[in-house]
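Shown next: work.txt, given as compact mmCIF, C-alpha atoms and all ligand atoms.
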# COMPACT_ATOMS: atom_id res chain seq x y z
CA MET A 1113 18.96 202.83 68.70
CA ARG A 1114 16.58 202.60 71.64
CA SER A 1115 16.13 198.83 71.48
CA TRP A 1116 19.86 198.38 70.95
CA GLY A 1117 20.44 200.54 73.98
CA ARG A 1118 18.14 198.38 76.05
CA PHE A 1119 19.85 195.22 74.83
CA TRP A 1120 23.30 196.51 75.60
CA SER A 1121 22.38 197.92 78.97
CA GLY A 1122 20.69 194.64 79.83
CA ALA A 1123 23.85 192.84 78.89
CA GLY A 1124 25.82 195.46 80.78
CA ALA A 1125 23.75 194.84 83.87
CA ALA A 1126 24.89 191.20 83.78
CA ILE A 1127 28.52 192.30 83.62
CA SER A 1128 27.94 194.86 86.36
CA ALA A 1129 26.33 192.21 88.53
CA GLY A 1130 29.38 189.97 88.07
CA ALA A 1131 31.70 192.85 88.85
CA ALA A 1132 29.69 193.67 91.94
CA LEU A 1133 30.20 190.15 93.24
CA LEU A 1134 33.93 190.62 92.84
CA ALA A 1135 34.05 193.94 94.60
CA THR A 1136 33.98 193.89 98.36
CA ALA A 1137 32.00 197.12 98.39
CA GLY A 1138 29.82 195.94 95.54
CA ALA A 1139 26.63 196.51 97.47
CA ALA A 1140 26.96 200.25 96.88
CA VAL A 1141 26.78 199.84 93.11
CA ALA A 1142 23.21 198.64 92.92
CA GLN A 1143 21.77 201.58 94.88
CA THR A 1144 19.83 204.14 92.94
CA VAL A 1145 21.57 207.34 93.86
CA THR A 1146 22.04 210.53 91.96
CA GLY A 1147 25.73 210.87 92.57
CA PRO A 1148 28.97 209.11 93.37
CA VAL A 1149 28.93 206.50 96.16
CA ASP A 1150 31.64 205.17 98.44
CA GLY A 1151 33.35 202.19 96.84
CA GLY A 1152 31.36 202.57 93.65
CA ILE A 1153 32.95 200.89 90.63
CA ASP A 1154 30.41 201.51 87.90
CA LEU A 1155 29.45 204.66 86.04
CA GLN A 1156 27.30 207.08 88.00
CA PRO A 1157 23.57 206.67 87.29
CA ALA A 1158 22.57 208.54 84.15
CA ALA A 1159 20.28 211.51 84.65
CA THR A 1160 19.99 212.62 81.02
CA GLU A 1161 19.29 210.92 77.72
CA VAL A 1162 22.84 211.69 76.55
CA ALA A 1163 24.33 210.07 79.66
CA ARG A 1164 22.13 207.01 79.09
CA ASP A 1165 23.35 206.77 75.50
CA ILE A 1166 26.96 207.14 76.67
CA HIS A 1167 26.40 204.22 79.07
CA SER A 1168 24.89 202.08 76.29
CA PHE A 1169 27.81 202.91 74.04
CA HIS A 1170 30.24 202.10 76.84
CA THR A 1171 28.55 198.72 77.27
CA LEU A 1172 28.65 198.05 73.52
CA LEU A 1173 32.39 198.78 73.50
CA LEU A 1174 32.83 196.45 76.47
CA TRP A 1175 31.13 193.66 74.53
CA ILE A 1176 33.50 194.23 71.63
CA ILE A 1177 36.69 194.75 73.58
CA VAL A 1178 36.36 191.82 75.99
CA PRO A 1179 36.09 189.12 73.27
CA ILE A 1180 38.97 190.75 71.36
CA THR A 1181 41.14 190.73 74.47
CA LEU A 1182 40.28 187.10 75.22
CA PHE A 1183 40.91 186.12 71.59
CA VAL A 1184 44.33 187.80 71.55
CA LEU A 1185 45.16 186.21 74.91
CA ALA A 1186 44.21 182.78 73.48
CA LEU A 1187 46.38 183.39 70.40
CA LEU A 1188 49.33 184.37 72.58
CA LEU A 1189 48.94 181.29 74.77
CA TRP A 1190 48.61 179.07 71.70
CA VAL A 1191 51.78 180.49 70.16
CA MET A 1192 53.69 180.22 73.45
CA LEU A 1193 52.67 176.61 74.09
CA ARG A 1194 52.43 175.13 70.61
CA TYR A 1195 55.33 176.89 68.92
CA ASN A 1196 58.00 177.19 71.58
CA ARG A 1197 61.42 175.68 70.92
CA ALA A 1198 60.68 172.45 72.81
CA SER A 1199 57.39 171.53 71.12
CA ASN A 1200 58.23 172.88 67.66
CA PRO A 1201 62.01 172.39 67.14
CA THR A 1202 62.01 172.92 63.36
CA PRO A 1203 59.90 175.93 62.44
CA LYS A 1204 58.40 176.42 59.00
CA LYS A 1205 60.02 179.18 56.91
CA PHE A 1206 57.01 180.86 55.23
CA THR A 1207 56.45 184.57 55.89
CA HIS A 1208 53.13 185.40 54.19
CA ASN A 1209 49.62 184.07 54.36
CA MET A 1210 47.20 185.88 52.08
CA THR A 1211 44.04 184.62 53.82
CA VAL A 1212 45.18 185.58 57.30
CA GLU A 1213 46.32 189.02 56.12
CA VAL A 1214 43.01 189.78 54.44
CA VAL A 1215 41.07 188.59 57.48
CA TRP A 1216 43.06 190.62 59.98
CA THR A 1217 42.58 193.73 57.87
CA VAL A 1218 38.91 193.32 56.98
CA VAL A 1219 37.61 192.17 60.37
CA PRO A 1220 39.01 195.18 62.31
CA VAL A 1221 37.61 197.50 59.61
CA ILE A 1222 34.15 195.96 60.07
CA ILE A 1223 34.46 196.32 63.84
CA LEU A 1224 35.40 200.00 63.48
CA VAL A 1225 32.51 200.65 61.10
CA VAL A 1226 30.10 199.06 63.60
CA ILE A 1227 31.53 201.22 66.39
CA SER A 1228 31.27 204.39 64.30
CA ALA A 1229 27.64 203.64 63.46
CA PHE A 1230 26.87 204.02 67.16
CA SER A 1231 29.51 206.61 67.99
CA PHE A 1232 28.72 209.31 65.42
CA PRO A 1233 25.00 209.71 66.22
CA LEU A 1234 25.92 210.07 69.89
CA LEU A 1235 28.60 212.61 69.06
CA PHE A 1236 26.10 214.66 67.06
CA LYS A 1237 23.56 214.44 69.86
CA GLN A 1238 26.14 215.83 72.29
CA GLU A 1239 27.39 218.56 70.00
CA GLN A 1240 24.16 219.79 68.39
CA ILE A 1241 22.66 222.01 71.05
CA PRO A 1242 18.86 221.90 70.95
CA GLN A 1243 16.65 224.91 71.57
CA ALA A 1244 17.66 225.98 75.07
CA GLN A 1245 15.22 227.15 77.73
CA LEU A 1246 17.89 228.32 80.14
CA THR A 1247 21.46 229.52 79.65
CA ILE A 1248 24.08 229.27 82.36
CA LYS A 1249 27.70 230.30 82.12
CA ALA A 1250 30.26 228.49 84.26
CA THR A 1251 33.61 230.18 84.73
CA GLY A 1252 36.56 228.24 86.10
CA ASN A 1253 38.74 230.13 88.55
CA THR A 1254 41.74 229.00 90.56
CA TRP A 1255 40.06 227.45 92.53
CA ASN A 1256 36.33 227.59 92.40
CA TRP A 1257 33.51 227.91 89.88
CA GLY A 1258 31.56 231.06 89.13
CA TYR A 1259 28.03 230.78 87.74
CA THR A 1260 26.17 233.37 85.72
CA TYR A 1261 22.50 233.22 84.68
CA PRO A 1262 22.60 236.03 82.12
CA ASP A 1263 18.86 236.08 81.36
CA GLN A 1264 17.88 236.00 85.03
CA ASP A 1265 20.52 238.49 86.18
CA VAL A 1266 22.02 236.11 88.72
CA GLU A 1267 25.72 235.66 89.38
CA PHE A 1268 27.61 234.00 92.21
CA ILE A 1269 30.75 232.11 93.18
CA SER A 1270 30.60 228.51 94.36
CA ASN A 1271 33.17 227.37 96.92
CA PRO A 1272 33.63 223.93 98.47
CA LEU A 1273 32.19 223.51 101.96
CA ALA A 1274 34.64 223.41 104.85
CA GLU A 1275 34.96 219.97 106.43
CA GLU A 1276 33.13 220.93 109.64
CA ASP A 1277 30.30 222.61 107.72
CA ALA A 1278 29.87 219.57 105.48
CA ALA A 1279 29.80 217.30 108.53
CA ALA A 1280 27.31 219.57 110.30
CA GLN A 1281 24.99 219.59 107.27
CA ASN A 1282 25.51 215.87 106.58
CA ARG A 1283 26.71 216.60 103.06
CA PRO A 1284 29.69 215.03 101.27
CA TYR A 1285 32.91 216.86 102.07
CA ARG A 1286 34.92 217.84 98.96
CA MET A 1287 31.84 217.51 96.77
CA ALA A 1288 29.30 219.77 98.46
CA VAL A 1289 29.58 223.51 97.88
CA ASP A 1290 28.23 226.59 99.62
CA GLU A 1291 26.33 227.84 96.56
CA PRO A 1292 25.27 225.02 94.24
CA MET A 1293 24.25 225.62 90.67
CA VAL A 1294 20.46 225.25 90.51
CA VAL A 1295 18.51 224.18 87.43
CA PRO A 1296 14.88 223.25 86.83
CA VAL A 1297 14.06 219.65 85.96
CA ASN A 1298 13.08 218.68 82.39
CA THR A 1299 14.56 221.89 81.05
CA THR A 1300 17.05 222.11 78.23
CA VAL A 1301 20.01 223.99 79.64
CA ARG A 1302 22.75 225.45 77.51
CA MET A 1303 26.05 225.64 79.43
CA LEU A 1304 28.58 228.19 78.34
CA VAL A 1305 31.94 227.20 79.77
CA THR A 1306 34.99 229.41 80.08
CA ALA A 1307 37.86 230.15 82.47
CA ASN A 1308 39.54 233.17 83.98
CA ASP A 1309 43.10 232.01 84.40
CA VAL A 1310 44.13 228.49 83.42
CA ILE A 1311 42.37 225.66 81.63
CA HIS A 1312 39.75 223.87 83.73
CA ALA A 1313 37.00 221.48 82.63
CA PHE A 1314 33.36 221.52 83.65
CA SER A 1315 32.05 218.02 84.13
CA VAL A 1316 28.99 216.35 85.65
CA PRO A 1317 29.22 212.60 84.91
CA SER A 1318 25.52 211.90 85.55
CA PHE A 1319 24.61 214.45 82.86
CA GLY A 1320 27.14 213.05 80.38
CA ILE A 1321 28.89 216.40 80.00
CA LYS A 1322 32.53 217.36 80.12
CA GLU A 1323 33.59 220.61 78.53
CA ASP A 1324 36.99 222.30 78.59
CA ALA A 1325 37.00 225.72 80.23
CA VAL A 1326 39.57 227.72 78.31
CA PRO A 1327 40.53 231.35 79.05
CA GLY A 1328 39.42 233.68 76.26
CA ARG A 1329 37.12 231.12 74.69
CA VAL A 1330 33.53 230.11 75.34
CA ASN A 1331 32.67 226.46 74.85
CA GLU A 1332 29.14 225.17 74.75
CA THR A 1333 27.40 222.06 75.91
CA TRP A 1334 23.87 221.17 76.99
CA PHE A 1335 21.87 218.88 79.22
CA ARG A 1336 18.28 218.15 80.17
CA VAL A 1337 17.94 216.42 83.54
CA GLU A 1338 14.95 214.14 83.95
CA LYS A 1339 14.98 213.70 87.72
CA THR A 1340 15.23 216.15 90.58
CA GLY A 1341 18.11 215.63 92.96
CA THR A 1342 21.64 216.67 93.79
CA TYR A 1343 24.36 215.83 91.33
CA TYR A 1344 28.09 216.22 91.68
CA GLY A 1345 31.00 216.83 89.37
CA PHE A 1346 34.56 218.03 89.45
CA CYS A 1347 36.99 220.09 87.48
CA GLN A 1348 38.41 217.49 85.10
CA GLU A 1349 41.46 219.24 83.73
CA LEU A 1350 44.65 219.29 85.81
CA CYS A 1351 44.66 222.99 86.61
CA GLY A 1352 47.01 223.40 89.54
CA ILE A 1353 47.62 222.70 93.18
CA GLN A 1354 43.95 222.83 94.22
CA HIS A 1355 42.59 221.08 91.15
CA ALA A 1356 40.96 218.45 93.34
CA PHE A 1357 39.14 221.06 95.39
CA MET A 1358 36.87 222.79 92.92
CA PRO A 1359 33.82 220.54 93.00
CA ILE A 1360 30.60 221.14 91.09
CA GLU A 1361 27.27 220.65 92.81
CA VAL A 1362 24.08 220.88 90.80
CA ARG A 1363 20.64 220.93 92.41
CA VAL A 1364 17.90 219.92 90.04
CA VAL A 1365 14.59 221.25 91.34
CA SER A 1366 11.01 221.77 90.19
CA GLU A 1367 10.08 224.81 88.12
CA PRO A 1368 8.46 226.73 91.05
CA GLU A 1369 11.43 225.95 93.30
CA PHE A 1370 13.73 227.28 90.62
CA ALA A 1371 11.70 230.48 90.30
CA ALA A 1372 11.82 230.90 94.08
CA TRP A 1373 15.57 230.37 94.07
CA ILE A 1374 16.05 232.94 91.31
CA ALA A 1375 13.96 235.40 93.33
CA SER A 1376 16.03 234.67 96.45
CA LYS A 1377 19.12 235.59 94.44
CA GLY A 1378 17.59 238.92 93.44
CA GLY A 1379 17.07 237.89 89.83
CA GLN A 1380 13.95 237.67 87.77
CA MET A 1381 12.65 234.87 85.58
CA ALA A 1382 13.18 235.50 81.90
CA GLU A 1383 11.39 234.16 78.88
CA ALA A 1384 12.84 231.02 77.36
CA THR A 1385 16.29 231.81 76.02
CA ASP A 1386 15.52 230.78 72.47
CA ALA A 1387 11.80 231.64 72.50
CA ALA A 1388 12.20 234.18 69.75
CA PRO A 1389 14.10 233.30 66.61
CA ALA A 1390 17.50 234.89 66.41
CA PRO A 1391 17.31 238.27 64.65
CA ALA A 1392 18.18 238.06 61.00
CA MET A 1393 21.16 239.89 59.60
CA PRO A 1394 20.57 243.63 60.01
CA ALA A 1395 19.08 245.20 56.93
CA PRO A 1396 21.55 247.21 54.87
CA ALA A 1397 21.42 250.95 55.58
CA THR A 1398 20.57 251.80 52.00
CA PRO A 1399 18.23 249.29 50.40
CA ASP A 1400 18.99 248.05 46.97
CA PRO A 1401 17.60 250.50 44.42
CA ALA A 1402 14.19 249.33 43.18
CA PRO A 1403 14.06 248.23 39.61
CA ALA A 1404 13.39 251.25 37.40
CA THR A 1405 10.38 249.62 35.80
CA ALA A 1406 8.52 248.99 39.05
CA GLY A 1407 5.29 250.86 39.20
CA GLN A 1408 5.81 252.32 42.65
CA PRO A 1409 4.06 255.45 43.78
CA GLY A 1410 6.51 258.27 43.35
CU CU A 1501 40.26 223.39 87.57
Would you mind giving the structure from this file in structure tokens?
Ligand SMILES: [Cu+2]
Amino acid sequence: MRSWGRFWSGAGAAISAGAALLATAGAAVAQTVTGPVDGGIDLQPAATEVARDIHSFHTLLLWIIVPITLFVLALLLWVMLRYNRASNPTPKKFTHNMTVEVVWTVVPVIILVVISAFSFPLLFKQEQIPQAQLTIKATGNTWNWGYTYPDQDVEFISNPLAEEDAAAQNRPYRMAVDEPMVVPVNTTVRMLVTANDVIHAFSVPSFGIKEDAVPGRVNETWFRVEKTGTYYGFCQELCGIQHAFMPIEVRVVSEPEFAAWIASKGGQMAEATDAAPAPAMPAPATPDPAPATAGQPG
């Protein structure tokens, strides 16, 4: 998977380079930044293993879909030029061709099997939440995000920065928020995602996560960011008139910085969320009667 990923992303880089030449603002694409850039046309740089795998998979699909599109285009042109009324006045009358029918059934099946061989492992990686070291709950509201750190006893609301504040702080207007979500680097974070009123979606493209926030339901996702920095996301479910104005800002910081931030919020650092195994089913109130023959002290 790894070496495939490298191959595909190498190939993808070639395509990206070509695309960058075409785009007038292409220069922005090549920069290593942690978030969206003006005029960017490629995916945001991946900050997690899952996001990297998503990019590789995206590139693989591109390599499959582009030849198919060109092949179909060539077929269409061939039919239009070779078999139009002028160049082919008396058409043949046959309606079936066994070979062609078998080929155009079997080849797409093979293509789909190849795609699924890469798609399913990625899907499992996204959906199987590893042992988490930190749990954060994001709650979608009309129109902002609320964050809860249940084990650290921290809770706050995150609102977008006003235009003049963003300009004064030299931060991106409509992406920067007053209270960003803060997570430590190289830490497996379990995100619980829910909503108060209507359906929102919690998404940070660089982390490769997008989870529906549904009232009355808690969805789960996870990420483990490998590089400190500021990352941005948005609500990605049309949720109402201010849908475009509930940005997500995530600061990924070092462990000590995170501890300091938790302290500044009046919380305290907890043990790793999953440090202890989950308690087993509670023992029944009355244990099963011991076998009568057991030689137990009376
Ligand atoms: Cu929303």
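Remark: for Tyr1343 of chain A, the closest of the candidate residues A:Val1294, A:His1167, A:Leu1304, A:Ile1374 is A:Val1294 (distances computed over all atoms listed in the file).
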query = So which residues are near ligand CU 1501 (chain A), meaning at most 12 Å away with only C-alpha atoms and all ligand atoms counted, given back as a PyMOL selection string?
reply = chain A and resi 1250-1258+1306-1315+1323-1327+1345-1360
Selected residues written out with C-alpha atoms, as a PDB file, keeping the file's coordinate frame:
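Output saved as out28.pdb:
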ATOM      1  CA  ALA A1250      30.260 228.490  84.260  1.00  0.00           C
ATOM      2  CA  THR A1251      33.610 230.180  84.730  1.00  0.00           C
ATOM      3  CA  GLY A1252      36.560 228.240  86.100  1.00  0.00           C
ATOM      4  CA  ASN A1253      38.740 230.130  88.550  1.00  0.00           C
ATOM      5  CA  THR A1254      41.740 229.000  90.560  1.00  0.00           C
ATOM      6  CA  TRP A1255      40.060 227.450  92.530  1.00  0.00           C
ATOM      7  CA  ASN A1256      36.330 227.590  92.400  1.00  0.00           C
ATOM      8  CA  TRP A1257      33.510 227.910  89.880  1.00  0.00           C
ATOM      9  CA  GLY A1258      31.560 231.060  89.130  1.00  0.00           C
ATOM     10  CA  THR A1306      34.990 229.410  80.080  1.00  0.00           C
ATOM     11  CA  ALA A1307      37.860 230.150  82.470  1.00  0.00           C
ATOM     12  CA  ASN A1308      39.540 233.170  83.980  1.00  0.00           C
ATOM     13  CA  ASP A1309      43.100 232.010  84.400  1.00  0.00           C
ATOM     14  CA  VAL A1310      44.130 228.490  83.420  1.00  0.00           C
ATOM     15  CA  ILE A1311      42.370 225.660  81.630  1.00  0.00           C
ATOM     16  CA  HIS A1312      39.750 223.870  83.730  1.00  0.00           C
ATOM     17  CA  ALA A1313      37.000 221.480  82.630  1.00  0.00           C
ATOM     18  CA  PHE A1314      33.360 221.520  83.650  1.00  0.00           C
ATOM     19  CA  SER A1315      32.050 218.020  84.130  1.00  0.00           C
ATOM     20  CA  GLU A1323      33.590 220.610  78.530  1.00  0.00           C
ATOM     21  CA  ASP A1324      36.990 222.300  78.590  1.00  0.00           C
ATOM     22  CA  ALA A1325      37.000 225.720  80.230  1.00  0.00           C
ATOM     23  CA  VAL A1326      39.570 227.720  78.310  1.00  0.00           C
ATOM     24  CA  PRO A1327      40.530 231.350  79.050  1.00  0.00           C
ATOM     25  CA  GLY A1345      31.000 216.830  89.370  1.00  0.00           C
ATOM     26  CA  PHE A1346      34.560 218.030  89.450  1.00  0.00           C
ATOM     27  CA  CYS A1347      36.990 220.090  87.480  1.00  0.00           C
ATOM     28  CA  GLN A1348      38.410 217.490  85.100  1.00  0.00           C
ATOM     29  CA  GLU A1349      41.460 219.240  83.730  1.00  0.00           C
ATOM     30  CA  LEU A1350      44.650 219.290  85.810  1.00  0.00           C
ATOM     31  CA  CYS A1351      44.660 222.990  86.610  1.00  0.00           C
ATOM     32  CA  GLY A1352      47.010 223.400  89.540  1.00  0.00           C
ATOM     33  CA  ILE A1353      47.620 222.700  93.180  1.00  0.00           C
ATOM     34  CA  GLN A1354      43.950 222.830  94.220  1.00  0.00           C
ATOM     35  CA  HIS A1355      42.590 221.080  91.150  1.00  0.00           C
ATOM     36  CA  ALA A1356      40.960 218.450  93.340  1.00  0.00           C
ATOM     37  CA  PHE A1357      39.140 221.060  95.390  1.00  0.00           C
ATOM     38  CA  MET A1358      36.870 222.790  92.920  1.00  0.00           C
ATOM     39  CA  PRO A1359      33.820 220.540  93.000  1.00  0.00           C
ATOM     40  CA  ILE A1360      30.600 221.140  91.090  1.00  0.00           C
TER      41      ILE A1360
END
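Note that atom CA of Glu1361 of chain A and atom CA of Gly1341 of chain A are 10.4 Å apart.
Remark: for Leu1172 of chain A, the closest of the candidate residues A:Leu1189, A:Ala1159, A:Ile1153, A:Ala1229 is A:Ala1229 (distances computed over all atoms listed in the file).
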note = Restricting to all atoms listed in the file, whichever of A:Pro1148, A:Pro1220, A:Pro1368, A:Gly1378 is closest to Ile1180 of chain A is A:Pro1220
request  = Extract, using all atoms listed in the file, all DNA, RNA and protein residues at most 12 Å from Val1364 of chain A, discarding same-chain residues fewer than 6 positions from it, and format them as a PyMOL selection string.
outcome  = chain A and resi 1146+1159-1160+1292-1299+1301+1318-1319+1335-1344+1370+1373
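For the atom pair formed by atom CA of Val1305 of chain A and atom CA of Glu1332 of chain A, the distance is 6.1 Å, given to one decimal.
The residue that comes closest to Ser1231 of chain A, out of A:Met1381, A:Ala1186, A:Ala1244, A:Leu1173 and on the basis of all atoms listed in the file, is A:Leu1173.
Atom CA of Ala1278 of chain A is positioned 9.3 Å from atom CA of Asp1290 of chain A.
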note = Counting only C-alpha atoms, closest pick from A:Leu1246, A:Val1219, A:Leu1273, A:Leu1193 relative to Tyr1285 of chain A is A:Leu1273
Padded axis-aligned box of segment 1201-1211 of chain A (8 Å per side), centre and edge lengths, Å, one decimal, as JSON:
{"center_x": 53.0, "center_y": 179.1, "center_z": 59.6, "size_x": 34.0, "size_y": 29.5, "size_z": 31.1}
